[in-house]
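K.L.:
This one is model-v9.cif, mmCIF, C-alpha atoms.
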data_model
loop_
_atom_site.label_atom_id
_atom_site.label_comp_id
_atom_site.auth_asym_id
_atom_site.auth_seq_id
_atom_site.Cartn_x
_atom_site.Cartn_y
_atom_site.Cartn_z
CA MET A 5 34.50 43.63 -51.04
CA GLU A 6 33.91 44.44 -47.40
CA LYS A 7 37.07 45.61 -45.59
CA VAL A 8 37.64 42.83 -43.09
CA GLU A 9 39.92 43.48 -40.13
CA LEU A 10 42.64 40.82 -40.41
CA VAL A 11 44.48 41.40 -37.12
CA PRO A 12 42.17 39.25 -34.92
CA TYR A 13 42.92 36.19 -37.04
CA PHE A 14 46.66 36.23 -36.31
CA ASN A 15 48.35 35.11 -33.11
CA GLU A 16 51.93 35.34 -31.90
CA SER A 17 52.04 31.58 -31.40
CA LEU A 18 51.24 31.19 -35.11
CA PHE A 19 54.05 33.49 -36.25
CA ILE A 20 57.22 31.90 -37.64
CA PRO A 21 59.74 34.56 -38.75
CA ALA A 22 62.23 31.95 -40.01
CA LEU A 23 60.78 28.69 -41.32
CA ARG A 24 62.99 25.66 -40.76
CA ALA A 25 61.57 23.62 -43.63
CA LYS A 26 63.13 23.86 -47.07
CA THR A 27 60.39 22.23 -49.14
CA LYS A 28 56.71 22.96 -49.77
CA GLU A 29 55.69 19.72 -48.07
CA GLY A 30 57.90 20.54 -45.08
CA VAL A 31 56.50 24.06 -44.76
CA LEU A 32 52.91 22.78 -44.83
CA GLU A 33 53.76 20.33 -42.03
CA GLU A 34 55.64 22.96 -40.03
CA LEU A 35 52.71 25.37 -40.15
CA VAL A 36 50.11 22.70 -39.31
CA ASP A 37 52.31 21.59 -36.39
CA CYS A 38 52.40 25.21 -35.28
CA PHE A 39 48.57 25.21 -35.08
CA VAL A 40 48.77 22.07 -32.93
CA GLU A 41 51.45 23.43 -30.59
CA ALA A 42 49.40 26.61 -30.17
CA LYS A 43 46.38 24.38 -29.32
CA PHE A 44 44.27 25.63 -32.22
CA LEU A 45 44.20 22.09 -33.63
CA ARG A 46 44.21 18.66 -31.97
CA ASN A 47 44.78 16.30 -34.91
CA PRO A 48 47.38 17.56 -37.45
CA THR A 49 46.84 14.60 -39.79
CA ILE A 50 43.30 15.62 -40.69
CA ALA A 51 44.23 19.26 -41.39
CA LEU A 52 47.25 18.24 -43.44
CA GLU A 53 45.13 15.85 -45.50
CA MET A 54 42.78 18.74 -46.37
CA ILE A 55 45.69 21.09 -47.16
CA HIS A 56 47.23 18.50 -49.51
CA ARG A 57 43.90 18.04 -51.29
CA ARG A 58 43.66 21.78 -51.74
CA GLU A 59 47.10 21.89 -53.36
CA GLN A 60 45.94 19.17 -55.78
CA LEU A 61 43.25 21.54 -57.00
CA GLY A 62 45.82 24.14 -58.01
CA SER A 63 48.82 25.78 -56.42
CA THR A 64 48.10 28.25 -53.64
CA GLY A 65 51.21 30.18 -54.66
CA ILE A 66 49.56 33.39 -55.87
CA GLY A 67 52.77 34.91 -57.23
CA HIS A 68 55.24 37.59 -56.07
CA GLY A 69 56.74 35.15 -53.53
CA ILE A 70 53.49 34.55 -51.66
CA ALA A 71 51.51 31.38 -50.92
CA ILE A 72 48.19 31.14 -49.11
CA PRO A 73 47.43 27.47 -48.41
CA HIS A 74 43.90 27.41 -47.06
CA GLY A 75 40.77 25.43 -46.42
CA ARG A 76 37.94 24.49 -44.16
CA THR A 77 38.41 21.50 -41.90
CA THR A 78 36.16 19.91 -39.33
CA ALA A 79 39.25 19.79 -37.11
CA ALA A 80 39.48 23.59 -36.80
CA ALA A 81 37.58 25.49 -34.13
CA ASP A 82 37.97 29.03 -35.49
CA VAL A 83 39.28 30.94 -38.48
CA MET A 84 43.01 31.44 -37.81
CA ILE A 85 46.03 32.36 -39.91
CA ALA A 86 49.59 31.14 -39.41
CA PHE A 87 52.45 33.08 -40.96
CA GLY A 88 55.85 31.75 -41.97
CA HIS A 89 58.79 33.47 -43.68
CA SER A 90 61.43 31.63 -45.68
CA LYS A 91 64.57 33.62 -46.38
CA ASN A 92 65.81 31.33 -49.15
CA GLY A 93 62.44 30.73 -50.76
CA ILE A 94 60.50 27.54 -51.43
CA ASP A 95 59.61 25.92 -54.74
CA TRP A 96 55.80 26.07 -54.60
CA GLN A 97 54.91 25.71 -58.32
CA ALA A 98 53.44 29.19 -57.95
CA MET A 99 51.46 30.93 -60.68
CA ASP A 100 54.55 32.95 -61.70
CA ASP A 101 57.01 30.09 -60.93
CA LEU A 102 58.92 32.32 -58.50
CA PRO A 103 60.04 30.84 -55.16
CA VAL A 104 57.75 31.53 -52.21
CA HIS A 105 59.06 33.51 -49.24
CA LEU A 106 55.85 34.42 -47.40
CA VAL A 107 53.35 31.72 -46.44
CA PHE A 108 49.98 32.50 -44.89
CA MET A 109 48.10 29.32 -43.89
CA VAL A 110 44.40 29.95 -43.34
CA LEU A 111 42.33 27.31 -41.55
CA ALA A 112 38.62 27.57 -40.88
CA PRO A 113 35.86 25.35 -39.51
CA PRO A 114 33.10 24.12 -41.86
CA GLN A 115 30.72 26.72 -40.48
CA GLU A 116 31.26 29.85 -38.45
CA LEU A 117 28.81 32.16 -36.76
CA ASN A 118 29.64 35.23 -38.85
CA ASN A 119 30.84 33.42 -41.98
CA ARG A 120 34.18 35.23 -42.04
CA TYR A 121 36.36 32.70 -43.84
CA LEU A 122 35.91 33.80 -47.46
CA PRO A 123 35.95 37.54 -46.65
CA VAL A 124 39.15 37.01 -44.61
CA LEU A 125 40.75 35.05 -47.46
CA GLY A 126 39.70 37.70 -49.96
CA ARG A 127 41.01 40.55 -47.80
CA LEU A 128 44.34 38.76 -47.36
CA VAL A 129 44.70 38.39 -51.14
CA GLU A 130 43.79 42.06 -51.53
CA VAL A 131 46.34 43.27 -48.95
CA LEU A 132 49.11 41.11 -50.44
CA SER A 133 48.31 42.26 -53.97
CA GLU A 134 49.43 45.78 -53.13
CA PRO A 135 53.17 45.87 -54.08
CA ARG A 136 54.42 48.33 -51.44
CA GLN A 137 52.55 46.61 -48.63
CA ARG A 138 53.67 43.19 -49.83
CA ASP A 139 57.34 44.15 -49.88
CA LYS A 140 57.22 45.27 -46.25
CA PHE A 141 56.20 41.77 -45.11
CA HIS A 142 59.52 40.44 -46.43
CA THR A 143 61.51 42.42 -43.87
CA VAL A 144 59.34 41.95 -40.79
CA THR A 145 60.95 39.94 -37.98
CA THR A 146 58.72 40.49 -34.95
CA PHE A 147 55.04 39.81 -34.39
CA SER A 148 54.36 43.36 -33.20
CA ASP A 149 55.90 44.81 -36.40
CA PHE A 150 53.86 42.33 -38.40
CA ILE A 151 50.62 43.41 -36.72
CA ASN A 152 51.51 47.08 -37.19
CA LEU A 153 51.93 46.41 -40.90
CA LEU A 154 48.47 44.87 -41.05
CA LYS A 155 46.99 47.80 -39.17
CA ASN A 156 48.49 50.26 -41.65
CA MET B 2 55.49 14.85 -38.02
CA PRO B 3 51.85 14.06 -38.88
CA GLY B 4 51.20 10.62 -40.35
CA LYS B 5 48.47 9.52 -42.71
CA ILE B 6 44.80 9.32 -41.76
CA LYS B 7 43.90 5.80 -40.72
CA THR B 8 40.92 5.55 -38.37
CA PRO B 9 37.25 5.51 -39.51
CA ILE B 10 36.50 8.91 -37.95
CA GLU B 11 39.57 10.42 -39.67
CA PHE B 12 38.39 9.08 -43.03
CA LEU B 13 34.90 10.48 -42.40
CA VAL B 14 36.25 13.90 -41.45
CA ALA B 15 38.50 13.89 -44.53
CA LEU B 16 35.44 13.09 -46.64
CA GLN B 17 33.44 15.92 -45.12
CA ASP B 18 36.36 18.35 -45.61
CA LEU B 19 36.65 17.24 -49.23
CA ASP B 20 32.91 17.66 -49.85
CA ILE B 21 33.08 21.19 -48.43
CA MET B 22 36.10 21.99 -50.62
CA ILE B 23 34.33 20.76 -53.75
CA LYS B 24 31.25 22.82 -52.88
CA GLU B 25 33.26 26.03 -52.34
CA ILE B 26 35.51 25.82 -55.40
CA GLU B 27 33.80 28.61 -57.33
CA GLU B 28 33.94 31.08 -54.42
CA VAL B 29 37.66 30.38 -53.90
CA LYS B 30 38.34 30.69 -57.63
CA ALA B 31 36.58 34.07 -57.64
CA LEU B 32 39.15 35.32 -55.11
CA GLY B 33 41.91 34.74 -57.69
CA PHE B 34 43.20 31.31 -56.68
CA GLU B 35 44.28 28.80 -59.29
CA VAL B 36 41.84 25.97 -59.92
CA LYS B 37 43.02 23.53 -62.58
CA GLY B 38 40.68 21.37 -64.62
CA GLU B 39 42.78 18.34 -63.72
CA GLY B 40 42.61 19.49 -60.09
CA LEU B 41 38.84 19.09 -60.13
CA ALA B 42 39.24 15.61 -61.58
CA ALA B 43 41.84 14.83 -58.90
CA LEU B 44 39.40 15.81 -56.14
CA ALA B 45 36.63 13.70 -57.67
CA SER B 46 39.03 10.77 -57.86
CA ALA B 47 40.22 11.39 -54.29
CA ARG B 48 36.60 11.27 -53.13
CA GLU B 49 36.06 7.93 -54.87
CA ASP B 50 39.18 6.51 -53.20
CA LEU B 51 38.18 7.86 -49.80
CA VAL B 52 34.69 6.41 -50.02
CA LEU B 53 36.16 2.94 -50.63
CA LYS B 54 37.99 3.16 -47.30
CA ILE B 55 34.80 3.75 -45.30
CA LYS B 56 32.56 0.85 -44.31
CA LYS B 57 29.24 0.90 -46.17
CA PRO B 58 26.91 1.37 -43.16
CA LEU B 59 29.07 4.27 -41.93
CA LEU B 60 29.13 5.85 -45.37
CA ALA B 61 25.36 5.45 -45.67
CA ALA B 62 24.96 7.16 -42.29
CA TYR B 63 27.25 9.98 -43.40
CA GLU B 64 25.27 10.56 -46.62
CA ARG B 65 21.94 10.36 -44.78
CA LEU B 66 23.06 12.88 -42.17
CA ARG B 67 24.55 15.16 -44.83
CA ASN B 68 21.24 15.23 -46.69
CA ARG B 69 19.36 15.95 -43.53
CA TYR B 70 21.61 18.46 -41.77
CA LYS B 71 24.11 19.62 -44.46
CA ARG B 72 26.98 18.66 -42.12
CA ALA B 73 27.09 15.04 -40.97
CA ILE B 74 30.01 15.51 -38.58
CA VAL B 75 29.83 18.21 -35.94
CA PRO B 76 32.38 19.41 -33.41
CA VAL B 77 32.20 18.76 -29.69
CA LYS B 78 33.18 21.63 -27.46
CA ASP B 79 33.06 21.61 -23.65
CA ASP B 80 31.28 18.23 -23.88
CA ASN B 81 28.44 19.74 -25.91
CA CYS B 82 27.37 18.57 -29.37
CA LEU B 83 27.59 21.71 -31.50
CA GLY B 84 24.96 20.30 -33.85
CA CYS B 85 22.06 20.27 -31.39
CA PHE B 86 23.82 21.93 -28.40
CA MET B 87 22.91 19.12 -26.04
CA ARG B 88 25.35 18.08 -23.31
CA LEU B 89 26.87 14.69 -24.03
CA PRO B 90 26.88 11.94 -21.39
CA THR B 91 30.21 10.93 -19.83
CA SER B 92 29.85 7.47 -21.39
CA ILE B 93 30.51 9.19 -24.72
CA THR B 94 32.85 11.99 -23.73
CA ALA B 95 35.24 9.55 -22.08
CA HIS B 96 36.11 8.02 -25.47
CA GLY B 97 35.89 10.93 -27.88
CA ARG B 98 39.37 12.39 -27.95
CA THR B 99 41.18 9.29 -29.10
CA ASP B 100 39.74 9.34 -32.65
CA LYS B 101 39.54 5.54 -32.41
CA GLU B 102 35.77 5.22 -32.36
CA VAL B 103 32.97 6.79 -34.35
CA LEU B 104 30.61 8.26 -31.78
CA ILE B 105 27.12 9.56 -32.38
CA CYS B 106 25.15 12.23 -30.54
CA GLU B 107 22.32 10.39 -28.81
CA ASN B 108 20.04 13.38 -29.29
CA CYS B 109 20.44 14.40 -32.95
CA GLY B 110 22.28 11.40 -34.40
CA ARG B 111 25.14 13.43 -35.90
CA ILE B 112 28.69 12.05 -35.92
CA LEU B 113 30.87 13.72 -33.29
CA TYR B 114 34.38 15.13 -33.60
CA TRP B 115 36.26 16.44 -30.55
CA LEU B 116 38.00 19.76 -31.15
CA SER B 117 40.18 19.65 -28.05
#
Mind converting the file's structure to structure tokens?

P.N.:
Amino acid sequence: MEKVELVPYFNESLFIPALRAKTKEGVLEELVDCFVEAKFLRNPTIALEMIHRREQLGSTGIGHGIAIPHGRTTAAADVMIAFGHSKNGIDWQAMDDLPVHLVFMVLAPPQELNNRYLPVLGRLVEVLSEPRQRDKFHTVTTFSDFINLLKN
Amino acid sequence: MPGKIKTPIEFLVALQDLDIMIKEIEEVKALGFEVKGEGLAALASAREDLVLKIKKPLLAAYERLRNRYKRAIVPVKDDNCLGCFMRLPTSITAHGRTDKEVLICENCGRILYWLS
């Protein structure tokens, strides 16, 4: 797969080093609200509806404490990724049944000029599948450290 | 905290998002994400439920536009329809952001959704 540069899809206003929510439902709402507060979304209800539907299809918890809720919504203007860290872990009904600590929410519009959504999603899965890289995300507390991790 | 979708344009957008999700299932599955058999059935059932909440003429317009353009609902950015890139008149732009009305581009006929 083409090596997509992930850094441009993250933003400091979409970085939550300590999630407040304690449940999967709460985390999904907290991250969608984050998109709204950062003005990447206008109507949170529409995006949340799509995210819930996606979870019905199968859990987005890919294992090793990571979840990547994702989807295309007419309400999104660009491909963007929000990140949230939960110290205590969230029950996500993940593939390996382990609690989820790192949540990457990927939202994309129905169509984009360069069609980056699926390559971005694939690259994110690839990066987080590498054990040493994955472990480092658990300890990151600042956005600049987070971006440096992605760059390396 | 976000509530539930309730206006006609929200139901239409939810339907379009669901149709896109159903169409892209195989690509997402190929990336390693879990797709359950019962999940597919749940999406099909969700679509049936959603369709019942949309008035017939509006649903017919959605299906007609989808067949013609692939996407029935297009975003509006800077008062331009991003389907045909024509500037929208103020009579339309004045009402778009409330999500209370279903508004149509006078040039291409697509349903409009305001991004900001």

K.L.:
Just say which residues the PyMOL selection byres ((chain A) within 9 of (chain B)) picks in this file, as number ranges by chain.

P.N.:
A: 33-34, 36-37, 43-54, 57-66, 75-81, 99, 114, 122, 125-126, 129-130

K.L.:
Taking C-alpha atoms for each residue, export the selection above as an mmCIF file, in the coordinates of the input.

P.N.:
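What follows is the written file selection-v3.cif:
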data_model
loop_
_atom_site.group_PDB
_atom_site.id
_atom_site.type_symbol
_atom_site.label_atom_id
_atom_site.label_comp_id
_atom_site.auth_asym_id
_atom_site.auth_seq_id
_atom_site.Cartn_x
_atom_site.Cartn_y
_atom_site.Cartn_z
ATOM 1 C CA GLU A 33 53.760 20.330 -42.030
ATOM 2 C CA GLU A 34 55.640 22.960 -40.030
ATOM 3 C CA VAL A 36 50.110 22.700 -39.310
ATOM 4 C CA ASP A 37 52.310 21.590 -36.390
ATOM 5 C CA LYS A 43 46.380 24.380 -29.320
ATOM 6 C CA PHE A 44 44.270 25.630 -32.220
ATOM 7 C CA LEU A 45 44.200 22.090 -33.630
ATOM 8 C CA ARG A 46 44.210 18.660 -31.970
ATOM 9 C CA ASN A 47 44.780 16.300 -34.910
ATOM 10 C CA PRO A 48 47.380 17.560 -37.450
ATOM 11 C CA THR A 49 46.840 14.600 -39.790
ATOM 12 C CA ILE A 50 43.300 15.620 -40.690
ATOM 13 C CA ALA A 51 44.230 19.260 -41.390
ATOM 14 C CA LEU A 52 47.250 18.240 -43.440
ATOM 15 C CA GLU A 53 45.130 15.850 -45.500
ATOM 16 C CA MET A 54 42.780 18.740 -46.370
ATOM 17 C CA ARG A 57 43.900 18.040 -51.290
ATOM 18 C CA ARG A 58 43.660 21.780 -51.740
ATOM 19 C CA GLU A 59 47.100 21.890 -53.360
ATOM 20 C CA GLN A 60 45.940 19.170 -55.780
ATOM 21 C CA LEU A 61 43.250 21.540 -57.000
ATOM 22 C CA GLY A 62 45.820 24.140 -58.010
ATOM 23 C CA SER A 63 48.820 25.780 -56.420
ATOM 24 C CA THR A 64 48.100 28.250 -53.640
ATOM 25 C CA GLY A 65 51.210 30.180 -54.660
ATOM 26 C CA ILE A 66 49.560 33.390 -55.870
ATOM 27 C CA GLY A 75 40.770 25.430 -46.420
ATOM 28 C CA ARG A 76 37.940 24.490 -44.160
ATOM 29 C CA THR A 77 38.410 21.500 -41.900
ATOM 30 C CA THR A 78 36.160 19.910 -39.330
ATOM 31 C CA ALA A 79 39.250 19.790 -37.110
ATOM 32 C CA ALA A 80 39.480 23.590 -36.800
ATOM 33 C CA ALA A 81 37.580 25.490 -34.130
ATOM 34 C CA MET A 99 51.460 30.930 -60.680
ATOM 35 C CA PRO A 114 33.100 24.120 -41.860
ATOM 36 C CA LEU A 122 35.910 33.800 -47.460
ATOM 37 C CA LEU A 125 40.750 35.050 -47.460
ATOM 38 C CA GLY A 126 39.700 37.700 -49.960
ATOM 39 C CA VAL A 129 44.700 38.390 -51.140
ATOM 40 C CA GLU A 130 43.790 42.060 -51.530
#

K.L.:
What does the PyMOL selection byres ((chain A and resi 135-147) around 8) select in this file, as a CSV table (one decimal) with C-alpha atoms, in the frame of the given file?

P.N.:
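Now in part39.csv:
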chain,number,residue,atom,x,y,z
A,16,GLU,CA,51.9,35.3,-31.9
A,19,PHE,CA,54.0,33.5,-36.2
A,21,PRO,CA,59.7,34.6,-38.8
A,89,HIS,CA,58.8,33.5,-43.7
A,105,HIS,CA,59.1,33.5,-49.2
A,106,LEU,CA,55.8,34.4,-47.4
A,131,VAL,CA,46.3,43.3,-49.0
A,132,LEU,CA,49.1,41.1,-50.4
A,133,SER,CA,48.3,42.3,-54.0
A,134,GLU,CA,49.4,45.8,-53.1
A,148,SER,CA,54.4,43.4,-33.2
A,149,ASP,CA,55.9,44.8,-36.4
A,150,PHE,CA,53.9,42.3,-38.4
A,151,ILE,CA,50.6,43.4,-36.7
A,153,LEU,CA,51.9,46.4,-40.9

K.L.:
Show me as an mmCIF file with C-alpha atoms, keeping the file's coordinate frame the residues that reach within 7 Å of (44.8, 26.6, -47.1), counting only C-alpha atoms and using the file's own coordinates.

P.N.:
data_model
loop_
_atom_site.group_PDB
_atom_site.id
_atom_site.type_symbol
_atom_site.label_atom_id
_atom_site.label_comp_id
_atom_site.auth_asym_id
_atom_site.auth_seq_id
_atom_site.Cartn_x
_atom_site.Cartn_y
_atom_site.Cartn_z
ATOM 1 C CA ILE A 55 45.690 21.090 -47.160
ATOM 2 C CA ARG A 58 43.660 21.780 -51.740
ATOM 3 C CA ILE A 72 48.190 31.140 -49.110
ATOM 4 C CA PRO A 73 47.430 27.470 -48.410
ATOM 5 C CA HIS A 74 43.900 27.410 -47.060
ATOM 6 C CA GLY A 75 40.770 25.430 -46.420
ATOM 7 C CA MET A 109 48.100 29.320 -43.890
ATOM 8 C CA VAL A 110 44.400 29.950 -43.340
ATOM 9 C CA LEU A 111 42.330 27.310 -41.550
#

K.L.:
Step by step, gather every atom of segment 60-71 of chain B that the file lists, find the box along x, y and z that holds them, add 6 Å on each side, and finally give centre and edge lengths in Å to one decimal, as JSON.

P.N.:
{"center_x": 24.2, "center_y": 12.5, "center_z": -44.2, "size_x": 21.8, "size_y": 26.2, "size_z": 16.9}

K.L.:
Which polymer residues have any atom within 7 Å of an atom of Ile112 of chain B, counting only C-alpha atoms, with same-chain residues fewer than 5 positions away left out, as number ranges by chain?

P.N.:
B: 73-75, 103-106

K.L.:
Near Leu117 of chain A, counting all atoms listed in the file, which residues have an atom at most 12 Å away, once you skip same-chain residues fewer than 2 positions from it, shown as a compact mmCIF listing (two decimals) with C-alpha atoms, keeping the file's coordinate frame?

P.N.:
# COMPACT_ATOMS: atom_id res chain seq x y z
CA ALA A 81 37.58 25.49 -34.13
CA ASP A 82 37.97 29.03 -35.49
CA VAL A 83 39.28 30.94 -38.48
CA ALA A 112 38.62 27.57 -40.88
CA PRO A 113 35.86 25.35 -39.51
CA PRO A 114 33.10 24.12 -41.86
CA GLN A 115 30.72 26.72 -40.48
CA ASN A 119 30.84 33.42 -41.98
CA ARG A 120 34.18 35.23 -42.04
CA TYR A 121 36.36 32.70 -43.84
CA LEU B 83 27.59 21.71 -31.50

K.L.:
Using the chain letters and numbers from this file, what does the PyMOL selection byres ((chain A and resi 27) around 12) select? Give the answer as number ranges by chain.

P.N.:
A: 23-26, 28-34, 90, 92-97, 103-105

K.L.:
Name the closest residue to Gly84 of chain B among the candidates B:His96, B:Lys54, B:Arg67, B:Arg111; distances are taken between atoms, counting only C-alpha atoms.

P.N.:
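For Gly84 of chain B, the nearest of the candidates is B:Arg111.
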
K.L.:
State, in Å with one decimal place, the distance from atom CA of Lys57 of chain B to atom CA of Pro9 of chain B.

P.N.:
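Atom-to-atom, atom CA of Lys57 of chain B to atom CA of Pro9 of chain B, that is 11.4 Å.
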
K.L.:
I'd like to know which of B:Lys24, B:Cys109, B:Thr8, B:Met87 is closest to Arg69 of chain B, using all atoms listed in the file.

P.N.:
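Closest candidate: B:Cys109.
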